[in-house]
Structures are given as C-alpha cells and as structure tokens.
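*Asks:* final_25.txt is reproduced in full below (compact mmCIF, C-alpha atoms).
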# COMPACT_ATOMS: atom_id res chain seq x y z
CA MET A 22 0.00 0.00 0.00
CA ARG A 23 1.46 3.39 -1.01
CA MET A 24 1.25 6.20 1.53
CA LEU A 25 2.62 9.74 1.55
CA ILE A 26 4.53 9.28 4.82
CA ASN A 27 8.07 8.85 6.10
CA VAL A 28 7.66 5.98 8.55
CA PRO A 29 4.54 4.87 10.46
CA GLU A 30 6.07 5.84 13.80
CA THR A 31 6.29 9.56 12.90
CA VAL A 32 2.99 10.08 11.07
CA VAL A 33 1.36 12.10 13.87
CA PRO A 34 4.33 14.35 14.79
CA ASP A 35 5.06 14.93 11.09
CA ALA A 36 1.45 16.02 10.57
CA LEU A 37 1.62 18.32 13.59
CA ARG A 38 4.79 19.95 12.29
CA GLY A 39 3.05 20.53 8.98
CA MET A 40 0.02 21.98 10.71
CA ALA A 41 2.22 24.39 12.66
CA ALA A 42 3.89 25.53 9.44
CA ALA A 43 0.54 26.16 7.74
CA HIS A 44 -1.34 27.81 10.60
CA PRO A 45 0.57 30.44 12.58
CA GLU A 46 -2.69 31.33 14.35
CA LEU A 47 -2.23 28.07 16.29
CA THR A 48 0.32 27.05 18.88
CA VAL A 49 1.24 23.44 18.11
CA ASP A 50 3.23 21.58 20.75
CA VAL A 51 4.54 18.67 18.70
CA GLU A 52 6.37 16.95 21.56
CA ASN A 53 3.42 17.02 23.97
CA ARG A 54 0.75 16.63 21.28
CA VAL A 55 -1.41 19.66 22.08
CA ILE A 56 -2.91 22.18 19.63
CA VAL A 57 -4.01 25.53 21.12
CA ARG A 58 -5.43 28.71 19.62
CA ARG A 59 -2.64 31.27 19.83
CA ASP A 60 -4.71 33.89 21.67
CA ALA A 61 -5.57 31.49 24.52
CA PRO A 62 -6.52 31.85 27.25
CA VAL A 63 -9.22 34.32 26.20
CA ALA A 64 -10.21 36.48 29.15
CA GLY A 65 -13.72 35.88 30.46
CA LYS A 66 -14.35 32.95 28.13
CA VAL A 67 -15.23 29.31 28.83
CA ALA A 68 -12.72 27.10 27.03
CA LEU A 69 -13.58 24.04 24.93
CA VAL A 70 -11.14 21.13 24.74
CA SER A 71 -11.57 17.97 22.72
CA GLY A 72 -9.42 15.28 21.21
CA GLY A 73 -9.19 11.71 20.06
CA GLY A 74 -7.19 9.41 17.90
CA SER A 75 -5.56 10.89 14.83
CA GLY A 76 -6.81 9.79 11.43
CA HIS A 77 -10.14 11.63 11.60
CA GLU A 78 -8.90 15.01 10.35
CA PRO A 79 -9.91 17.80 10.35
CA LEU A 80 -11.53 16.55 13.58
CA HIS A 81 -10.31 17.72 16.14
CA GLY A 82 -7.20 19.80 15.55
CA GLY A 83 -8.68 21.40 12.45
CA PHE A 84 -11.49 22.83 14.57
CA VAL A 85 -9.28 24.80 16.97
CA GLY A 86 -9.81 28.54 16.68
CA HIS A 87 -12.28 31.39 17.06
CA GLY A 88 -15.82 30.07 17.50
CA MET A 89 -14.97 26.41 18.10
CA LEU A 90 -12.33 24.66 20.19
CA ASP A 91 -9.69 26.36 22.28
CA ALA A 92 -7.48 23.27 22.26
CA ALA A 93 -7.30 19.74 20.89
CA CYS A 94 -5.31 16.67 21.90
CA PRO A 95 -4.38 14.30 19.05
CA GLY A 96 -3.59 10.72 19.98
CA GLU A 97 -1.83 8.15 17.85
CA ILE A 98 -3.80 6.84 14.88
CA PHE A 99 -7.19 5.62 16.15
CA THR A 100 -5.86 5.74 19.73
CA SER A 101 -7.07 7.98 22.54
CA PRO A 102 -4.85 10.80 23.74
CA VAL A 103 -3.56 10.41 27.28
CA PRO A 104 -4.75 12.35 30.35
CA ASP A 105 -1.52 14.36 30.57
CA GLN A 106 -2.28 15.87 27.16
CA MET A 107 -5.76 16.86 28.23
CA VAL A 108 -4.63 18.41 31.50
CA ARG A 109 -1.91 20.36 29.70
CA ALA A 110 -4.48 21.60 27.18
CA ALA A 111 -6.95 22.61 29.89
CA ALA A 112 -4.29 24.53 31.79
CA ALA A 113 -3.21 26.34 28.63
CA VAL A 114 -6.69 27.61 27.78
CA ASP A 115 -8.42 28.10 31.15
CA SER A 116 -9.21 31.76 31.80
CA GLY A 117 -10.77 31.03 35.16
CA LYS A 118 -14.26 30.57 33.71
CA GLY A 119 -13.98 26.79 33.36
CA VAL A 120 -13.31 24.23 30.66
CA LEU A 121 -15.75 22.00 28.77
CA PHE A 122 -14.40 18.62 27.61
CA VAL A 123 -16.14 17.37 24.45
CA VAL A 124 -15.75 13.58 24.46
CA LYS A 125 -16.72 11.12 21.74
CA ASN A 126 -18.17 7.93 23.19
CA TYR A 127 -15.25 5.54 22.79
CA THR A 128 -14.02 3.63 25.81
CA GLY A 129 -10.45 4.96 25.78
CA ASP A 130 -11.53 8.56 25.26
CA VAL A 131 -14.12 8.36 28.06
CA LEU A 132 -11.71 6.84 30.59
CA ASN A 133 -8.86 9.22 29.80
CA PHE A 134 -11.00 12.37 29.77
CA ASP A 135 -12.58 11.30 33.09
CA MET A 136 -9.12 10.92 34.61
CA ALA A 137 -7.98 14.22 33.10
CA ALA A 138 -11.02 16.02 34.56
CA GLU A 139 -10.10 14.79 38.04
CA LEU A 140 -6.47 15.85 37.61
CA ALA A 141 -7.44 19.26 36.23
CA GLU A 142 -9.84 19.88 39.10
CA ASP A 143 -7.02 19.02 41.52
CA GLU A 144 -5.15 21.92 39.91
CA GLY A 145 -8.06 24.28 40.49
CA ILE A 146 -9.58 24.14 36.99
CA GLN A 147 -13.37 23.82 36.86
CA VAL A 148 -14.27 21.12 34.32
CA ALA A 149 -17.55 19.99 32.76
CA LYS A 150 -17.93 17.17 30.24
CA VAL A 151 -20.33 16.31 27.44
CA LEU A 152 -20.42 12.88 25.82
CA VAL A 153 -21.22 12.69 22.10
CA ASN A 154 -23.07 9.48 21.19
CA ASP A 155 -25.04 10.15 18.03
CA ASP A 156 -24.49 7.03 15.89
CA VAL A 157 -27.75 5.10 15.41
CA ALA A 158 -26.17 2.16 13.55
CA VAL A 159 -25.15 -0.09 16.42
CA MET A 160 -25.07 -0.35 20.20
CA ASP A 161 -22.05 -1.57 22.19
CA SER A 162 -19.53 -1.75 19.35
CA LEU A 163 -15.94 -2.95 19.56
CA TYR A 164 -14.90 0.46 20.92
CA THR A 165 -17.88 1.56 22.99
CA ALA A 166 -20.45 0.89 25.65
CA GLY A 167 -23.50 2.40 24.02
CA ARG A 168 -23.59 4.44 20.85
CA ARG A 169 -20.50 5.74 19.10
CA GLY A 170 -19.69 9.43 18.78
CA THR A 171 -19.43 10.50 15.12
CA GLY A 172 -20.60 13.41 12.96
CA ALA A 173 -22.56 15.24 15.66
CA THR A 174 -19.21 16.07 17.27
CA LEU A 175 -18.82 18.82 14.69
CA PHE A 176 -22.22 20.29 15.54
CA VAL A 177 -21.46 20.16 19.28
CA GLU A 178 -18.07 21.83 18.91
CA LYS A 179 -19.35 24.54 16.56
CA ILE A 180 -22.54 25.47 18.39
CA ALA A 181 -21.20 25.21 21.95
CA GLY A 182 -18.05 26.97 20.77
CA ALA A 183 -20.11 29.89 19.51
CA ALA A 184 -21.92 30.14 22.83
CA ALA A 185 -18.60 30.19 24.66
CA GLU A 186 -17.25 32.85 22.29
CA GLU A 187 -20.23 35.04 23.20
CA GLY A 188 -19.34 34.78 26.88
CA ALA A 189 -21.92 32.25 28.07
CA PRO A 190 -21.07 30.71 31.47
CA LEU A 191 -19.89 27.10 31.77
CA GLU A 192 -23.27 25.75 32.84
CA ARG A 193 -24.93 27.28 29.78
CA VAL A 194 -22.24 26.11 27.35
CA GLU A 195 -22.51 22.60 28.77
CA ALA A 196 -26.32 22.65 28.48
CA ILE A 197 -26.15 23.77 24.85
CA ALA A 198 -23.61 21.05 24.04
CA ARG A 199 -25.89 18.43 25.59
CA GLN A 200 -28.90 19.78 23.73
CA VAL A 201 -27.06 19.52 20.42
CA ASN A 202 -25.98 15.95 21.13
CA GLU A 203 -29.50 14.93 22.15
CA SER A 204 -30.89 16.58 19.00
CA ALA A 205 -28.49 14.87 16.56
CA ARG A 206 -28.19 11.41 15.00
CA SER A 207 -25.80 9.92 12.41
CA PHE A 208 -25.48 6.91 10.12
CA GLY A 209 -22.44 5.98 8.03
CA VAL A 210 -21.68 3.76 5.04
CA ALA A 211 -18.31 2.35 3.95
CA LEU A 212 -17.52 1.62 0.31
CA SER A 213 -13.97 0.53 1.17
CA ALA A 214 -11.89 -0.27 4.24
CA CYS A 215 -9.36 2.17 5.63
CA THR A 216 -5.63 1.50 5.90
CA THR A 217 -3.67 2.41 9.02
CA PRO A 218 -0.01 3.37 8.54
CA ALA A 219 1.17 0.76 11.05
CA LYS A 220 -0.70 -2.09 9.35
CA GLY A 221 -0.17 -0.95 5.78
CA SER A 222 -3.17 -2.92 4.55
CA PRO A 223 -6.98 -2.66 4.85
CA THR A 224 -8.27 -2.95 8.41
CA PHE A 225 -11.08 -5.29 7.36
CA ASP A 226 -12.08 -7.32 4.34
CA LEU A 227 -14.71 -5.68 2.15
CA PRO A 228 -14.90 -7.55 -1.15
CA ALA A 229 -15.30 -5.68 -4.42
CA GLY A 230 -18.94 -5.03 -5.17
CA GLU A 231 -20.02 -4.88 -1.52
CA LEU A 232 -20.54 -2.12 1.06
CA GLU A 233 -20.95 -1.94 4.83
CA LEU A 234 -23.98 -0.15 6.28
CA GLY A 235 -23.57 1.48 9.67
CA ILE A 236 -19.79 1.57 9.75
CA GLY A 237 -17.85 3.25 12.58
CA ILE A 238 -15.10 5.82 12.09
CA HIS A 239 -12.40 3.32 13.05
CA GLY A 240 -13.52 0.73 10.54
CA GLU A 241 -15.67 -1.10 13.09
CA PRO A 242 -18.24 -3.44 11.56
CA GLY A 243 -21.63 -2.00 10.79
CA ARG A 244 -25.04 -3.55 11.09
CA GLU A 245 -25.22 -5.14 7.64
CA ARG A 246 -23.17 -5.92 4.54
CA ARG A 247 -24.87 -5.71 1.14
CA ALA A 248 -24.11 -5.76 -2.55
CA MET A 249 -23.14 -2.34 -3.88
CA MET A 250 -26.06 0.11 -3.92
CA THR A 251 -26.74 3.32 -5.80
CA SER A 252 -26.49 6.71 -4.14
CA HIS A 253 -30.28 6.87 -4.33
CA GLU A 254 -30.63 3.58 -2.43
CA ILE A 255 -27.99 4.43 0.17
CA ALA A 256 -29.68 7.75 0.92
CA ASP A 257 -33.00 5.99 1.49
CA VAL A 258 -31.45 3.61 4.02
CA ALA A 259 -29.25 6.18 5.81
CA VAL A 260 -31.87 8.93 6.15
CA ASP A 261 -34.73 6.61 7.09
CA THR A 262 -32.57 4.97 9.76
CA VAL A 263 -31.73 8.36 11.27
CA LEU A 264 -35.32 9.62 11.09
CA ALA A 265 -36.69 6.47 12.72
CA ASP A 266 -34.62 7.30 15.80
CA LEU A 267 -34.56 11.12 15.79
CA ARG A 268 -38.17 11.81 14.74
CA PRO A 269 -37.54 15.54 14.22
CA ASP A 270 -40.33 18.02 14.88
CA SER A 271 -38.35 21.07 13.77
CA PRO A 272 -36.06 21.98 10.83
CA VAL A 273 -32.67 20.29 10.75
CA LEU A 274 -29.04 21.04 10.14
CA LEU A 275 -27.57 18.51 7.72
CA LEU A 276 -24.00 17.25 7.51
CA VAL A 277 -23.16 15.10 4.48
CA ASN A 278 -19.75 13.89 5.49
CA GLY A 279 -17.10 12.06 3.49
CA MET A 280 -15.09 9.35 5.22
CA GLY A 281 -11.77 10.57 3.82
CA ALA A 282 -11.48 9.26 0.26
CA THR A 283 -14.84 10.35 -1.13
CA PRO A 284 -14.58 13.13 -3.75
CA LEU A 285 -16.84 16.14 -3.57
CA VAL A 286 -18.51 15.32 -6.87
CA GLU A 287 -19.84 12.13 -5.25
CA LEU A 288 -20.76 13.87 -2.00
CA TYR A 289 -22.74 16.56 -3.82
CA GLY A 290 -24.59 13.87 -5.76
CA PHE A 291 -25.30 12.02 -2.53
CA ASN A 292 -26.46 15.27 -0.94
CA ALA A 293 -29.06 15.65 -3.70
CA GLU A 294 -30.42 12.22 -2.81
CA VAL A 295 -30.40 12.98 0.93
CA HIS A 296 -32.36 16.17 0.30
CA ARG A 297 -34.79 14.19 -1.86
CA VAL A 298 -35.50 11.74 0.96
CA LEU A 299 -35.89 14.48 3.55
CA ALA A 300 -38.29 16.39 1.29
CA GLU A 301 -40.32 13.22 0.72
CA ARG A 302 -40.50 12.70 4.50
CA GLY A 303 -41.52 16.32 5.12
CA VAL A 304 -38.35 17.33 6.99
CA PRO A 305 -37.15 20.88 6.17
CA VAL A 306 -33.39 21.52 5.99
CA VAL A 307 -32.19 24.95 7.11
CA ARG A 308 -28.43 24.50 6.57
CA THR A 309 -26.28 21.96 4.75
CA LEU A 310 -22.57 21.29 5.20
CA ILE A 311 -20.80 19.00 2.74
CA GLY A 312 -17.25 17.69 2.84
CA ASN A 313 -14.72 15.40 4.52
CA TYR A 314 -14.90 16.53 8.16
CA VAL A 315 -15.09 13.44 10.41
CA THR A 316 -12.98 11.00 8.47
CA SER A 317 -11.47 7.55 8.73
CA LEU A 318 -8.09 7.88 6.99
CA ASP A 319 -8.54 6.73 3.37
CA MET A 320 -11.96 5.12 3.71
CA ALA A 321 -14.38 5.66 0.85
CA GLY A 322 -17.92 6.25 2.01
CA ALA A 323 -20.15 8.83 3.63
CA SER A 324 -22.21 9.58 6.69
CA VAL A 325 -25.37 11.58 7.26
CA THR A 326 -25.91 13.62 10.42
CA LEU A 327 -29.12 15.48 11.20
CA CYS A 328 -29.48 17.93 14.08
CA GLN A 329 -32.79 19.53 15.06
CA ALA A 330 -32.20 23.26 15.28
CA ASP A 331 -34.35 25.77 17.11
CA GLU A 332 -33.78 29.48 16.53
CA GLU A 333 -31.03 29.70 19.15
CA LEU A 334 -29.06 26.71 17.83
CA LEU A 335 -29.38 28.00 14.28
CA ARG A 336 -28.13 31.44 15.35
CA LEU A 337 -25.12 29.87 17.06
CA TRP A 338 -24.45 27.67 14.02
CA ASP A 339 -24.38 30.77 11.82
CA ALA A 340 -22.06 32.67 14.19
CA PRO A 341 -18.55 33.43 12.87
CA VAL A 342 -15.97 30.67 12.99
CA ARG A 343 -12.31 30.76 12.02
CA THR A 344 -10.45 27.45 12.14
CA ALA A 345 -8.30 25.46 9.75
CA GLY A 346 -11.15 23.12 8.89
CA LEU A 347 -14.25 25.32 9.16
CA ARG A 348 -14.49 29.02 8.43
CA TRP A 349 -17.22 31.57 7.75
CA GLY A 350 -18.36 35.02 8.84
CA CYS A 351 -14.88 36.22 9.82
What would you get if you wrote out this structure as structure tokens?

*Replies:*
Amino acid sequence: MRMLINVPETVVPDALRGMAAAHPELTVDVENRVIVRRDAPVAGKVALVSGGGSGHEPLHGGFVGHGMLDAACPGEIFTSPVPDQMVRAAAAVDSGKGVLFVVKNYTGDVLNFDMAAELAEDEGIQVAKVLVNDDVAVMDSLYTAGRRGTGATLFVEKIAGAAAEEGAPLERVEAIARQVNESARSFGVALSACTTPAKGSPTFDLPAGELELGIGIHGEPGRERRAMMTSHEIADVAVDTVLADLRPDSPVLLLVNGMGATPLVELYGFNAEVHRVLAERGVPVVRTLIGNYVTSLDMAGASVTLCQADEELLRLWDAPVRTAGLRWGC
C-alpha cells in the first residue's frame, strides 16, 4: 500500500509539524501533542477542549480557533490521547471561567478524559464534560459501551463553541452542548476499508462489489453488509434509519460527510439524494454542510448527520468561525 509518509512511527508528529507551518494562528506543541489557539486563554471565556485518535482530520485539531475549540489533543492513529495531554491543554486555555471537555463515546476517550477532569480539578480548573453518542447504527460496538460518537461532534463543537465565544457561562455552554448531542443522529456507510499506517493494509475485508452499512469511524463493523447500492438507495437507508430514531419536529441542520477518500462530486450527488428523501419525508433543511470533516483515513464512504435546530441553535451555528477546517463570517 502506497502512503505519503516517512515511517509509520512519525505520522502524527510529522502532521503536527506541517500543521504548525501552515497555521501560525495556532500554537502546536509537537512533543506534547497539544494544539491551542494562539490567543488562549481568552479572558472571560469558557474554554472548549476535545481530542481523540488521529486519522479523523480535520476533527479535532482542524477545529481549533475562534468560534470552536480552544485546544485539541491528538492521539496516535485511532488511539485515545492520554490524560496528561488533556490536562496540559486545559491549563493552557483556562481563563478562570472553566473548561468543557467534548468527548466522543469511545471507551479509551471516556476513561482518559474522566481521569484528566479529576487531575485538572485538583489543579483548580473547573471542568464539565459532554459525551457525544449520536451514531444510530449499532449499540455496544468494539470500541464503545452504548452508541459511538461521530458526525454530531462537529455540531457540538461549533454550536457550543459559539456560545462560549459570546461569553456564556460554563453551565450554559454545557447545556447547549448536551442539547445539540441529544438533537443529533448519524449513520455511516463504507464503500472501502481504511488502511492504518502501522498495518499498511486494509483494516477489514470488504470484497469488491459490496458495502458496509452502519460503519464506525475506526472501521468497526456496521449492522449489515450488502451488494453495492446506488447513491439513491444508500440515501433511502441512511436517512430513514436516522429519522426512525430522531423523529424531528423542527427543521434540521444537515451534515453530508465524506469518510476521507470520497470526492466532492460524489458527495454533492449524494447530498441531492439525501435532500430528496428528507423532502419526501416532510423534513425541512435549514443549513447543509458537505465535505470530509469526520474522516477515517482513506476510507471511501459517507455519513449523514441530522441535528434539530431551534432558533437559538441556528443562530449559534451561523455565528462566525475561524479554524483550519471550518471558516465563515470572519
């Protein structure tokens, strides 16, 4: 398998060095694996910290900046960051108003962020946590107890980040983050397996002419394997599965997300089909975001995330954001 890397052991630090070179608005600590917005800590502002295994870029490091995260902690490929990273990040961004940890529901992430919260509080930092568990495909996967955290992470970080940027107190930022998570659901489809640098070959066997419905962002098995389907057919399955669980009674934000190797021409075509299904089901869409945002290395495929949005959540979604991976209004 050909990869644009030096050696597997340096993939993450090499990427961090490249990120530092491209984004002077960030402070990138390559040795300690922490990415911080350069103006942190911002006086009077609640700080947001997230993180997870590398390989899902631009999540999370690409979402550090004005209107989203104050810091991110990248782990090794598909491996949770360690508590020391999280404590270091919290200390770097805490202005005295508290820190919100945004945690995807994977066992390693949950355990390490819980430990980090205890350590940070021992240092006098007030910490709140929100768990993102939006995936409707499976329960109790290889990596989780309960539902996996996937595309809704972007909605949580953007909307709660906007509230924090406006000066909302920690309790309010936490409540908004929880509301977004509870209002969002996701479903993903893999057209190919991903390849980790250490393994150098596909992480699972997906024969030509087949796809996996309900895949996780680490290549975990989904709920069903089928013969290849059209974009039209995949949209029917993905959207109906989300709607059966979410049952929205208000307009939705829509994320049509590529898994890393899906070109935009395919994602835009898939988005047309997703909008078709939502229109047929009587679900209005107020905003659509399309692109590779919550990825799985070189996996081909897509996920659909819907988030019910009242006027306040929509206003916060539209608020200015300036990060490497998401930017508008600035």

*Asks:* Return as CSV the residues of stretch 182-294 of chain A lying at most 10 Å from stretch 78-86 of chain A, together with the closest atom-to-atom pair for each and the distance in Å to one decimal, counting only C-alpha atoms, with rows in chain order and ascending residue number.

*Replies:*
residue,atom,partner,partner_atom,distance
A:Gly182,CA,A:Gly86,CA,9.3
A:Met280,CA,A:Glu78,CA,9.8
A:Gly281,CA,A:Glu78,CA,8.4

*Asks:* Mind pulling up the distance from atom CA of A:Val108 to atom CA of A:Pro341?

*Replies:*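 Value for the atom CA of A:Pro341-atom CA of A:Val108 distance: 27.7 Å.
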
*Asks:* Point out the residue among A:Val28, A:Val63, A:Ala321, A:Leu267 with the least atom-to-atom distance to A:Lys220, counting all atoms listed in the file.

*Replies:*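 Of A:Val28, A:Val63, A:Ala321, A:Leu267, the one nearest A:Lys220 is A:Val28, counting all atoms listed in the file.
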
*Asks:* Which is closer to A:Pro62 than all the others in A:Asp331, A:Asp257, A:Glu178, A:Glu186, using only C-alpha atoms?

*Replies:*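 Among the listed residues, A:Glu186 lies closest to A:Pro62.
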
*Asks:* If I take atom CA of A:Val315 and atom CA of A:Leu276, how far is one from the other in Å, to one decimal?

*Replies:* 10.1 Å

*Asks:* Could you name the residues that touch stretch 195-200 of chain A at 8 Å or less, counting only C-alpha atoms, but leaving out those on the same chain fewer than 2 positions away, as a ChimeraX atom specification?

*Replies:* /A:121,149-152,177-178,180-181,184,191-193,202-204

*Asks:* Go ahead and dump the residues you just picked, C-alpha atoms, as a short mmCIF file (atom, residue, chain, number, x, y, z; two decimals), in the frame of the given file.

*Replies:*
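And here is the file that came out, out-v1.cif:
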data_model
loop_
_atom_site.label_atom_id
_atom_site.label_comp_id
_atom_site.auth_asym_id
_atom_site.auth_seq_id
_atom_site.Cartn_x
_atom_site.Cartn_y
_atom_site.Cartn_z
CA LEU A 121 -15.75 22.00 28.77
CA ALA A 149 -17.55 19.99 32.76
CA LYS A 150 -17.93 17.17 30.24
CA VAL A 151 -20.33 16.31 27.44
CA LEU A 152 -20.42 12.88 25.82
CA VAL A 177 -21.46 20.16 19.28
CA GLU A 178 -18.07 21.83 18.91
CA ILE A 180 -22.54 25.47 18.39
CA ALA A 181 -21.20 25.21 21.95
CA ALA A 184 -21.92 30.14 22.83
CA LEU A 191 -19.89 27.10 31.77
CA GLU A 192 -23.27 25.75 32.84
CA ARG A 193 -24.93 27.28 29.78
CA ASN A 202 -25.98 15.95 21.13
CA GLU A 203 -29.50 14.93 22.15
CA SER A 204 -30.89 16.58 19.00
#

*Asks:* Using Å and a single decimal, report how far atom CA of A:Val298 sits from atom CA of A:Ala340.

*Replies:*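 Those two atoms sit 28.2 Å apart.
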
*Asks:* For each of A:Glu97, A:Glu332, A:Asp105, A:Asp50, take the minimum atom-to-atom distance to A:Thr31, counting all atoms listed in the file, then give the residue where this is smallest.

*Replies:* A:Glu97

*Asks:* With distances taken over only C-alpha atoms, which of A:Gly209, A:Gly65, A:Pro284, A:Pro228 is nearest to A:Val258?

*Replies:*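 Selected residue with least distance to A:Val258: A:Gly209.
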